[in-house]
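Have a look at entry.pdb; it's PDB, C-alpha atoms, pLDDT in the B column:
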```
MODEL        1
ATOM      1  CA  MET A   1      38.678  -2.553  76.775  1.00 54.00           C
ATOM      2  CA  ASN A   2      39.571  -5.014  79.544  1.00 63.00           C
ATOM      3  CA  THR A   3      37.948  -8.394  80.162  1.00 66.00           C
ATOM      4  CA  LEU A   4      36.082  -7.361  83.326  1.00 67.00           C
ATOM      5  CA  THR A   5      34.479  -4.427  81.516  1.00 71.00           C
ATOM      6  CA  LYS A   6      33.340  -6.752  78.725  1.00 71.00           C
ATOM      7  CA  TYR A   7      32.004  -9.130  81.355  1.00 72.00           C
ATOM      8  CA  TRP A   8      29.948  -6.336  82.882  1.00 72.00           C
ATOM      9  CA  PHE A   9      28.631  -5.446  79.427  1.00 71.00           C
ATOM     10  CA  LEU A  10      27.501  -9.029  78.713  1.00 74.00           C
ATOM     11  CA  GLU A  11      25.858  -9.615  82.081  1.00 72.00           C
ATOM     12  CA  GLY A  12      22.619  -8.167  80.739  1.00 70.00           C
ATOM     13  CA  PHE A  13      22.273 -10.913  78.097  1.00 79.00           C
ATOM     14  CA  ASN A  14      19.899 -13.699  79.148  1.00 74.00           C
ATOM     15  CA  LEU A  15      21.720 -15.859  76.621  1.00 78.00           C
ATOM     16  CA  PHE A  16      24.677 -16.266  78.995  1.00 77.00           C
ATOM     17  CA  ASN A  17      22.796 -16.894  82.237  1.00 72.00           C
ATOM     18  CA  LYS A  18      23.662 -20.599  82.321  1.00 71.00           C
ATOM     19  CA  LEU A  19      27.313 -20.292  81.315  1.00 77.00           C
ATOM     20  CA  GLY A  20      28.695 -19.414  84.724  1.00 76.00           C
ATOM     21  CA  ARG A  21      31.221 -16.738  85.638  1.00 77.00           C
ATOM     22  CA  LEU A  22      34.379 -18.612  84.601  1.00 80.00           C
ATOM     23  CA  LYS A  23      33.112 -19.491  81.111  1.00 79.00           C
ATOM     24  CA  MET A  24      31.797 -15.958  80.701  1.00 79.00           C
ATOM     25  CA  ILE A  25      35.196 -14.468  81.509  1.00 80.00           C
ATOM     26  CA  ARG A  26      36.918 -16.837  79.083  1.00 81.00           C
ATOM     27  CA  MET A  27      34.499 -15.824  76.374  1.00 81.00           C
ATOM     28  CA  CYS A  28      35.025 -12.137  77.098  1.00 80.00           C
ATOM     29  CA  GLU A  29      38.758 -12.608  76.587  1.00 82.00           C
ATOM     30  CA  ILE A  30      38.185 -13.405  72.905  1.00 84.00           C
ATOM     31  CA  LEU A  31      35.442 -10.866  72.209  1.00 85.00           C
ATOM     32  CA  GLU A  32      36.078  -7.640  70.335  1.00 86.00           C
ATOM     33  CA  MET A  33      34.200  -4.488  71.284  1.00 87.00           C
ATOM     34  CA  ASP A  34      33.354  -1.403  69.251  1.00 90.00           C
ATOM     35  CA  ASN A  35      31.413   1.848  69.419  1.00 93.00           C
ATOM     36  CA  ILE A  36      29.172   2.417  66.406  1.00 95.00           C
ATOM     37  CA  ASP A  37      27.918   5.859  65.414  1.00 97.00           C
ATOM     38  CA  LYS A  38      24.281   6.428  64.494  1.00 96.00           C
ATOM     39  CA  GLY A  39      23.681   5.796  60.797  1.00 96.00           C
ATOM     40  CA  SER A  40      26.790   3.640  60.362  1.00 96.00           C
ATOM     41  CA  ILE A  41      26.743   0.315  58.580  1.00 93.00           C
ATOM     42  CA  ILE A  42      27.904  -2.661  60.648  1.00 90.00           C
ATOM     43  CA  GLU A  43      29.624  -5.198  58.425  1.00 83.00           C
ATOM     44  CA  LEU A  44      28.197  -8.620  59.298  1.00 85.00           C
ATOM     45  CA  ILE A  45      30.583 -10.328  56.891  1.00 80.00           C
ATOM     46  CA  ASN A  46      33.867  -8.554  56.176  1.00 74.00           C
ATOM     47  CA  LYS A  47      35.573 -10.234  53.224  1.00 64.00           C
ATOM     48  CA  GLU A  48      35.702 -13.874  54.375  1.00 69.00           C
ATOM     49  CA  GLU A  49      35.271 -13.174  58.086  1.00 80.00           C
ATOM     50  CA  LYS A  50      31.799 -13.803  59.507  1.00 87.00           C
ATOM     51  CA  SER A  51      30.847 -12.447  62.907  1.00 90.00           C
ATOM     52  CA  LEU A  52      28.128 -12.781  65.525  1.00 92.00           C
ATOM     53  CA  PHE A  53      27.235  -9.535  67.321  1.00 94.00           C
ATOM     54  CA  PHE A  54      25.986  -8.762  70.831  1.00 92.00           C
ATOM     55  CA  LEU A  55      24.233  -5.403  71.145  1.00 93.00           C
ATOM     56  CA  LYS A  56      24.896  -3.817  74.535  1.00 89.00           C
ATOM     57  CA  LYS A  57      23.632  -0.315  73.790  1.00 92.00           C
ATOM     58  CA  GLY A  58      21.429   1.206  71.114  1.00 95.00           C
ATOM     59  CA  THR A  59      19.208  -0.166  68.368  1.00 96.00           C
ATOM     60  CA  VAL A  60      19.991  -1.528  64.906  1.00 97.00           C
ATOM     61  CA  LYS A  61      17.915  -2.522  61.912  1.00 96.00           C
ATOM     62  CA  ILE A  62      18.678  -5.544  59.752  1.00 95.00           C
ATOM     63  CA  VAL A  63      18.207  -4.868  56.047  1.00 94.00           C
ATOM     64  CA  ASP A  64      17.857  -7.288  53.138  1.00 91.00           C
ATOM     65  CA  THR A  65      20.318  -5.856  50.613  1.00 89.00           C
ATOM     66  CA  LYS A  66      18.633  -7.628  47.678  1.00 88.00           C
ATOM     67  CA  ASN A  67      15.538  -5.451  47.875  1.00 87.00           C
ATOM     68  CA  ASP A  68      16.594  -2.777  50.400  1.00 88.00           C
ATOM     69  CA  SER A  69      13.825  -3.774  52.821  1.00 90.00           C
ATOM     70  CA  VAL A  70      13.969  -3.920  56.617  1.00 92.00           C
ATOM     71  CA  LYS A  71      13.748  -7.476  57.983  1.00 91.00           C
ATOM     72  CA  TYR A  72      13.628  -6.768  61.717  1.00 92.00           C
ATOM     73  CA  ILE A  73      14.795  -4.450  64.498  1.00 95.00           C
ATOM     74  CA  VAL A  74      17.258  -5.430  67.248  1.00 95.00           C
ATOM     75  CA  LYS A  75      17.260  -3.776  70.658  1.00 92.00           C
ATOM     76  CA  LYS A  76      19.956  -3.806  73.331  1.00 90.00           C
ATOM     77  CA  GLY A  77      20.550  -7.103  75.105  1.00 87.00           C
ATOM     78  CA  ASN A  78      20.036  -9.097  71.894  1.00 90.00           C
ATOM     79  CA  ILE A  79      22.213 -10.613  69.198  1.00 91.00           C
ATOM     80  CA  PHE A  80      22.344 -10.195  65.439  1.00 94.00           C
ATOM     81  CA  GLY A  81      24.328 -11.710  62.601  1.00 91.00           C
ATOM     82  CA  GLU A  82      23.373 -15.204  63.807  1.00 90.00           C
ATOM     83  CA  LEU A  83      22.452 -16.180  60.248  1.00 88.00           C
ATOM     84  CA  SER A  84      26.182 -16.533  59.529  1.00 87.00           C
ATOM     85  CA  LEU A  85      26.146 -19.583  61.812  1.00 87.00           C
ATOM     86  CA  TYR A  86      23.557 -21.382  59.701  1.00 85.00           C
ATOM     87  CA  ASN A  87      23.438 -20.060  56.151  1.00 81.00           C
ATOM     88  CA  GLU A  88      26.350 -18.004  54.847  1.00 79.00           C
ATOM     89  CA  GLU A  89      24.688 -17.336  51.488  1.00 81.00           C
ATOM     90  CA  TYR A  90      21.690 -15.649  53.093  1.00 80.00           C
ATOM     91  CA  ALA A  91      23.906 -13.958  55.669  1.00 82.00           C
ATOM     92  CA  ARG A  92      25.709 -12.135  52.867  1.00 85.00           C
ATOM     93  CA  GLN A  93      22.383 -10.578  51.891  1.00 87.00           C
ATOM     94  CA  GLU A  94      21.969  -8.943  55.309  1.00 90.00           C
ATOM     95  CA  GLN A  95      23.271  -5.588  56.458  1.00 91.00           C
ATOM     96  CA  ALA A  96      23.004  -3.975  59.895  1.00 95.00           C
ATOM     97  CA  ILE A  97      22.542  -0.206  60.280  1.00 96.00           C
ATOM     98  CA  ALA A  98      22.770   1.625  63.608  1.00 97.00           C
ATOM     99  CA  LEU A  99      19.568   3.554  64.338  1.00 97.00           C
ATOM    100  CA  GLU A 100      21.324   5.325  67.217  1.00 96.00           C
ATOM    101  CA  ASP A 101      24.794   5.291  68.794  1.00 97.00           C
ATOM    102  CA  CYS A 102      25.576   1.689  69.684  1.00 96.00           C
ATOM    103  CA  ILE A 103      28.048  -0.456  71.593  1.00 92.00           C
ATOM    104  CA  VAL A 104      28.615  -3.971  70.259  1.00 92.00           C
ATOM    105  CA  CYS A 105      30.720  -6.966  71.143  1.00 88.00           C
ATOM    106  CA  TYR A 106      31.436  -9.442  68.365  1.00 90.00           C
ATOM    107  CA  ILE A 107      33.099 -12.786  67.788  1.00 89.00           C
ATOM    108  CA  GLU A 108      34.128 -14.652  64.656  1.00 90.00           C
ATOM    109  CA  ALA A 109      31.289 -16.993  63.670  1.00 89.00           C
ATOM    110  CA  ASP A 110      33.354 -20.183  63.290  1.00 89.00           C
ATOM    111  CA  ARG A 111      34.850 -19.646  66.723  1.00 89.00           C
ATOM    112  CA  MET A 112      31.411 -19.082  68.181  1.00 89.00           C
ATOM    113  CA  ASP A 113      30.231 -22.276  66.540  1.00 89.00           C
ATOM    114  CA  ARG A 114      32.969 -24.233  68.329  1.00 89.00           C
ATOM    115  CA  ILE A 115      32.026 -22.644  71.667  1.00 87.00           C
ATOM    116  CA  MET A 116      28.382 -23.520  71.097  1.00 88.00           C
ATOM    117  CA  GLU A 117      29.241 -27.177  70.515  1.00 89.00           C
ATOM    118  CA  LYS A 118      30.810 -27.272  73.987  1.00 86.00           C
ATOM    119  CA  ASN A 119      27.941 -25.363  75.647  1.00 86.00           C
ATOM    120  CA  LYS A 120      24.546 -26.774  74.718  1.00 87.00           C
ATOM    121  CA  SER A 121      22.599 -24.133  76.675  1.00 85.00           C
ATOM    122  CA  LEU A 122      24.271 -21.414  74.602  1.00 87.00           C
ATOM    123  CA  LYS A 123      23.562 -23.289  71.376  1.00 89.00           C
ATOM    124  CA  ASN A 124      19.919 -23.807  72.321  1.00 89.00           C
ATOM    125  CA  GLY A 125      19.585 -20.140  73.282  1.00 88.00           C
ATOM    126  CA  ILE A 126      20.819 -18.925  69.907  1.00 90.00           C
ATOM    127  CA  LEU A 127      18.639 -21.453  68.080  1.00 90.00           C
ATOM    128  CA  LYS A 128      15.661 -20.137  70.034  1.00 89.00           C
ATOM    129  CA  ILE A 129      16.427 -16.548  68.992  1.00 88.00           C
ATOM    130  CA  TYR A 130      16.832 -17.643  65.379  1.00 87.00           C
ATOM    131  CA  GLY A 131      13.562 -19.570  65.544  1.00 89.00           C
ATOM    132  CA  THR A 132      11.702 -16.616  67.056  1.00 88.00           C
ATOM    133  CA  ARG A 133      12.822 -14.376  64.187  1.00 88.00           C
ATOM    134  CA  ILE A 134      11.634 -16.921  61.652  1.00 88.00           C
ATOM    135  CA  GLN A 135       8.267 -17.015  63.428  1.00 90.00           C
ATOM    136  CA  LYS A 136       8.005 -13.220  63.199  1.00 87.00           C
ATOM    137  CA  LEU A 137       8.701 -13.346  59.459  1.00 87.00           C
ATOM    138  CA  GLU A 138       6.043 -16.047  59.085  1.00 90.00           C
ATOM    139  CA  ARG A 139       3.602 -13.891  61.049  1.00 88.00           C
ATOM    140  CA  ARG A 140       4.259 -10.996  58.669  1.00 88.00           C
ATOM    141  CA  LEU A 141       3.410 -13.287  55.757  1.00 89.00           C
ATOM    142  CA  GLN A 142       0.165 -14.362  57.434  1.00 91.00           C
ATOM    143  CA  ASP A 143      -0.704 -10.734  58.179  1.00 91.00           C
ATOM    144  CA  LEU A 144      -0.196  -9.930  54.506  1.00 90.00           C
ATOM    145  CA  ILE A 145      -2.811 -12.533  53.622  1.00 91.00           C
ATOM    146  CA  TYR A 146      -5.395 -11.899  56.322  1.00 93.00           C
ATOM    147  CA  LYS A 147      -5.084  -8.228  57.339  1.00 94.00           C
ATOM    148  CA  ASP A 148      -5.514  -5.009  55.398  1.00 95.00           C
ATOM    149  CA  SER A 149      -2.654  -2.515  55.191  1.00 96.00           C
ATOM    150  CA  SER A 150      -3.962  -0.121  57.866  1.00 95.00           C
ATOM    151  CA  THR A 151      -4.414  -2.960  60.371  1.00 95.00           C
ATOM    152  CA  ARG A 152      -0.905  -4.250  59.685  1.00 96.00           C
ATOM    153  CA  ILE A 153       0.541  -0.801  60.329  1.00 96.00           C
ATOM    154  CA  TYR A 154      -1.471  -0.300  63.518  1.00 94.00           C
ATOM    155  CA  ASP A 155      -0.508  -3.756  64.834  1.00 93.00           C
ATOM    156  CA  PHE A 156       3.138  -3.041  64.062  1.00 94.00           C
ATOM    157  CA  ILE A 157       3.055   0.263  65.960  1.00 94.00           C
ATOM    158  CA  ILE A 158       1.490  -1.496  68.944  1.00 93.00           C
ATOM    159  CA  ASP A 159       4.185  -4.196  68.892  1.00 92.00           C
ATOM    160  CA  TYR A 160       7.000  -1.689  68.392  1.00 94.00           C
ATOM    161  CA  VAL A 161       5.962   0.611  71.236  1.00 94.00           C
ATOM    162  CA  THR A 162       5.337  -2.384  73.518  1.00 92.00           C
ATOM    163  CA  GLU A 163       8.787  -3.857  72.842  1.00 92.00           C
ATOM    164  CA  PHE A 164      10.889  -0.704  72.707  1.00 93.00           C
ATOM    165  CA  GLY A 165       8.917   1.700  74.892  1.00 93.00           C
ATOM    166  CA  VAL A 166       8.729   2.575  78.577  1.00 92.00           C
ATOM    167  CA  HIS A 167       5.608   3.394  80.570  1.00 89.00           C
ATOM    168  CA  LYS A 168       5.194   7.031  81.581  1.00 88.00           C
ATOM    169  CA  GLU A 169       2.007   7.925  83.445  1.00 84.00           C
ATOM    170  CA  ASP A 170      -0.880   6.816  81.214  1.00 87.00           C
ATOM    171  CA  ARG A 171       1.194   6.174  78.064  1.00 90.00           C
ATOM    172  CA  CYS A 172       3.865   3.882  76.690  1.00 94.00           C
ATOM    173  CA  VAL A 173       6.559   5.953  74.962  1.00 95.00           C
ATOM    174  CA  ALA A 174       9.256   4.738  72.535  1.00 96.00           C
ATOM    175  CA  LYS A 175      11.937   6.523  70.558  1.00 95.00           C
ATOM    176  CA  ASN A 176      10.798   7.160  67.000  1.00 95.00           C
ATOM    177  CA  LEU A 177      13.736   5.478  65.273  1.00 95.00           C
ATOM    178  CA  LEU A 178      12.043   4.264  62.099  1.00 95.00           C
ATOM    179  CA  SER A 179      11.279   6.162  58.921  1.00 94.00           C
ATOM    180  CA  HIS A 180       7.984   5.722  57.118  1.00 96.00           C
ATOM    181  CA  LYS A 181       9.917   3.735  54.519  1.00 95.00           C
ATOM    182  CA  ASP A 182      11.169   1.377  57.245  1.00 95.00           C
ATOM    183  CA  ILE A 183       7.659   0.839  58.585  1.00 96.00           C
ATOM    184  CA  ALA A 184       6.405   0.257  55.049  1.00 96.00           C
ATOM    185  CA  SER A 185       9.035  -2.483  54.592  1.00 93.00           C
ATOM    186  CA  LEU A 186       8.151  -4.114  57.894  1.00 94.00           C
ATOM    187  CA  THR A 187       4.405  -4.098  57.131  1.00 95.00           C
ATOM    188  CA  ASN A 188       4.512  -4.789  53.377  1.00 93.00           C
ATOM    189  CA  THR A 189       2.779  -1.522  52.587  1.00 95.00           C
ATOM    190  CA  SER A 190       3.712   1.740  50.860  1.00 95.00           C
ATOM    191  CA  ARG A 191       5.289   4.798  52.444  1.00 95.00           C
ATOM    192  CA  GLN A 192       2.210   6.862  51.547  1.00 97.00           C
ATOM    193  CA  THR A 193      -0.086   4.335  53.233  1.00 97.00           C
ATOM    194  CA  VAL A 194       2.056   4.474  56.372  1.00 97.00           C
ATOM    195  CA  SER A 195       1.911   8.266  56.381  1.00 96.00           C
ATOM    196  CA  ASN A 196      -1.875   8.315  55.900  1.00 97.00           C
ATOM    197  CA  THR A 197      -2.495   5.649  58.555  1.00 96.00           C
ATOM    198  CA  LEU A 198      -0.293   7.306  61.173  1.00 96.00           C
ATOM    199  CA  SER A 199      -1.966  10.649  60.512  1.00 95.00           C
ATOM    200  CA  THR A 200      -5.384   9.054  60.951  1.00 95.00           C
ATOM    201  CA  LEU A 201      -4.346   7.317  64.196  1.00 93.00           C
ATOM    202  CA  ARG A 202      -2.993  10.585  65.559  1.00 94.00           C
ATOM    203  CA  ARG A 203      -6.107  12.500  64.497  1.00 94.00           C
ATOM    204  CA  GLU A 204      -8.231   9.906  66.308  1.00 91.00           C
ATOM    205  CA  LYS A 205      -5.929  10.321  69.342  1.00 90.00           C
ATOM    206  CA  ILE A 206      -4.987   6.639  69.351  1.00 89.00           C
ATOM    207  CA  ILE A 207      -1.290   7.449  69.024  1.00 92.00           C
ATOM    208  CA  ASN A 208       0.876  10.527  69.315  1.00 93.00           C
ATOM    209  CA  TYR A 209       4.219  11.025  67.606  1.00 92.00           C
ATOM    210  CA  ASN A 210       6.840  13.480  66.430  1.00 92.00           C
ATOM    211  CA  THR A 211      10.348  13.130  65.004  1.00 91.00           C
ATOM    212  CA  SER A 212      11.703  11.975  68.374  1.00 94.00           C
ATOM    213  CA  PHE A 213       9.033   9.850  70.059  1.00 95.00           C
ATOM    214  CA  ILE A 214       5.924   7.792  69.412  1.00 95.00           C
ATOM    215  CA  SER A 215       3.448   6.886  72.131  1.00 94.00           C
ATOM    216  CA  ILE A 216       0.218   5.008  72.736  1.00 93.00           C
ATOM    217  CA  LYS A 217      -2.161   5.225  75.664  1.00 87.00           C
ATOM    218  CA  ASN A 218      -1.973   2.264  78.019  1.00 84.00           C
ATOM    219  CA  LYS A 219      -5.722   1.738  77.572  1.00 81.00           C
ATOM    220  CA  ALA A 220      -5.195   1.187  73.850  1.00 79.00           C
ATOM    221  CA  LEU A 221      -2.459  -1.362  74.556  1.00 81.00           C
ATOM    222  CA  GLU A 222      -4.682  -3.251  76.981  1.00 78.00           C
ATOM    223  CA  LYS A 223      -7.582  -3.223  74.525  1.00 72.00           C
ATOM    224  CA  HIS A 224      -5.282  -4.582  71.816  1.00 72.00           C
ATOM    225  CA  LYS A 225      -4.202  -7.476  74.093  1.00 66.00           C
ATOM    226  CA  ILE A 226      -7.816  -8.416  74.739  1.00 55.00           C
ATOM    227  CA  ASN A 227      -8.641  -8.403  71.046  1.00 58.00           C
TER     228      ASN A 227
ENDMDL
END
```
As structure tokens:
Amino acid sequence: MNTLTKYWFLEGFNLFNKLGRLKMIRMCEILEMDNIDKGSIIELINKEEKSLFFLKKGTVKIVDTKNDSVKYIVKKGNIFGELSLYNEEYARQEQAIALEDCIVCYIEADRMDRIMEKNKSLKNGILKIYGTRIQKLERRLQDLIYKDSSTRIYDFIIDYVTEFGVHKEDRCVAKNLLSHKDIASLTNTSRQTVSNTLSTLRREKIINYNTSFISIKNKALEKHKIN
């Protein structure tokens, strides 16, 4: 794929807003691009080669291979594999799985590190993303201490639909990309508890879902913000 096409693909990343057109084009010249089928594993570290990924299309989940638990979800316009820039040992414990058909650009981590040293805004942007993910993991730990399992699941569904959904009439609707096992990992609960809680929320008409979509009424989202 040519450089201009890659440039168009990366324009949607806020991370590159301060780089300028010339630096963006130079970066695109060294990027690789790939189409990833739904369900495929994306190798974050292939043998000794570490890579940083830019997700242009689709959604991926990052899994901790030590315990087969989901760490977080990445939507289009975001990066993943950034841990290889800071801690290779932990990076080797991560695996990315495409939740739907995806398009990614990627660059070798050491090369990206050199580019970051010359572009402080880019370095600060990636550090901010990394820091935000750490904060989310810390929040999950706090939720485990202070919230019961049903509340954790409900709060997660609210956050997921808010982040990944689109507003349609009186509801916010998101693709239902996660299994009950995935949600259980992300909320530190059991698959059975997830199933029971979602059934209860649907019975109480707080949420609606099927194998393709999950939705919440806008009123419920607004009430959740107030609380």
**OP:** Could you tell me which of A:Leu198, A:Ile216, A:Leu52, A:Leu221 comes closest to Arg111 of chain A if we count all atoms listed in the file?
**Re:** A:Leu52
**OP:** Using the chain letters and numbers from the file, give me the residues hit by the PyMOL selection byres ((chain A and resi 210) around 12), as a ChimeraX atom specification.
**Re:** /A:173-179,198-199,202,207-209,211-215
Subject >> Top pick for closest residue to Glu11 of chain A, considering A:Asn78, A:Ser195, A:Asn46, A:Asn35 and counting only C-alpha atoms >> reply: A:Asn78
Original post:
If the PyMOL selection byres ((chain A and resi 63) around 9) is run on the structure shown, which residues does it catch, given as a list in words?
Top reply: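 What the PyMOL selection byres ((chain A and resi 63) around 9) grabs from the file is Lys61, Ile62, Asp64, Thr65, Lys66, Asn67, Asp68, Ser69, Val70, Lys71, Tyr72, Gln93, Glu94, Gln95, Ala96 and Ile97 of chain A.
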Original post:
Quick one: residues within 12 Å of segment 139-152 of chain A, all atoms listed in the file counted, chain neighbours fewer than 2 positions away excluded, as a count of residues only?
Top reply: 34
**OP:** For a cut-off of 10 Å around (21.5, -18.0, 79.5), file coordinates, pick out all residues using only C-alpha atoms and list them as a list of chain:residue names.
**Re:** A:Glu11, A:Gly12, A:Phe13, A:Asn14, A:Leu15, A:Phe16, A:Asn17, A:Lys18, A:Leu19, A:Gly20, A:Ser121, A:Leu122, A:Lys123, A:Asn124, A:Gly125, A:Ile126
Store the residues picked out above in a file with C-alpha atoms, as a short mmCIF file (atom, residue, chain, number, x, y, z; two decimals), keeping the file's coordinate frame.
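Okay, selection-v7.cif is ready:
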```cif
data_model
loop_
_atom_site.label_atom_id
_atom_site.label_comp_id
_atom_site.auth_asym_id
_atom_site.auth_seq_id
_atom_site.Cartn_x
_atom_site.Cartn_y
_atom_site.Cartn_z
CA GLU A 11 25.86 -9.62 82.08
CA GLY A 12 22.62 -8.17 80.74
CA PHE A 13 22.27 -10.91 78.10
CA ASN A 14 19.90 -13.70 79.15
CA LEU A 15 21.72 -15.86 76.62
CA PHE A 16 24.68 -16.27 79.00
CA ASN A 17 22.80 -16.89 82.24
CA LYS A 18 23.66 -20.60 82.32
CA LEU A 19 27.31 -20.29 81.32
CA GLY A 20 28.70 -19.41 84.72
CA SER A 121 22.60 -24.13 76.68
CA LEU A 122 24.27 -21.41 74.60
CA LYS A 123 23.56 -23.29 71.38
CA ASN A 124 19.92 -23.81 72.32
CA GLY A 125 19.58 -20.14 73.28
CA ILE A 126 20.82 -18.92 69.91
#
```
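Against the coordinates shown, the PyMOL selection byres ((chain A and resi 104) around 6) returns Met33, Asp34, Phe54, Leu55, Lys56, Ile103 and Cys105 of chain A.
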Subject >> Of the listed residues A:Glu82, A:Asp37, A:Glu43, A:Glu169, that which approaches Gly131 of chain A most closely, counting all atoms listed in the file >> reply: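 Under the stated criterion, the closest residue is A:Glu82.
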**OP:** Can you work out the spacing between atom CA of Ile30 of chain A and atom CA of Ile45 of chain A in Å, to one decimal?
**Re:**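 Rounded to one decimal, the two atoms are 18.0 Å apart.
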Original post:
Looking at only C-alpha atoms, which of A:Val74, A:Ile36, A:Met27, A:Cys172 is the one that sits closest to Arg114 of chain A?
Top reply: A:Met27
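Going from atom CA of Ser40 of chain A over to atom CA of Thr59 of chain A, you cover 11.7 Å.
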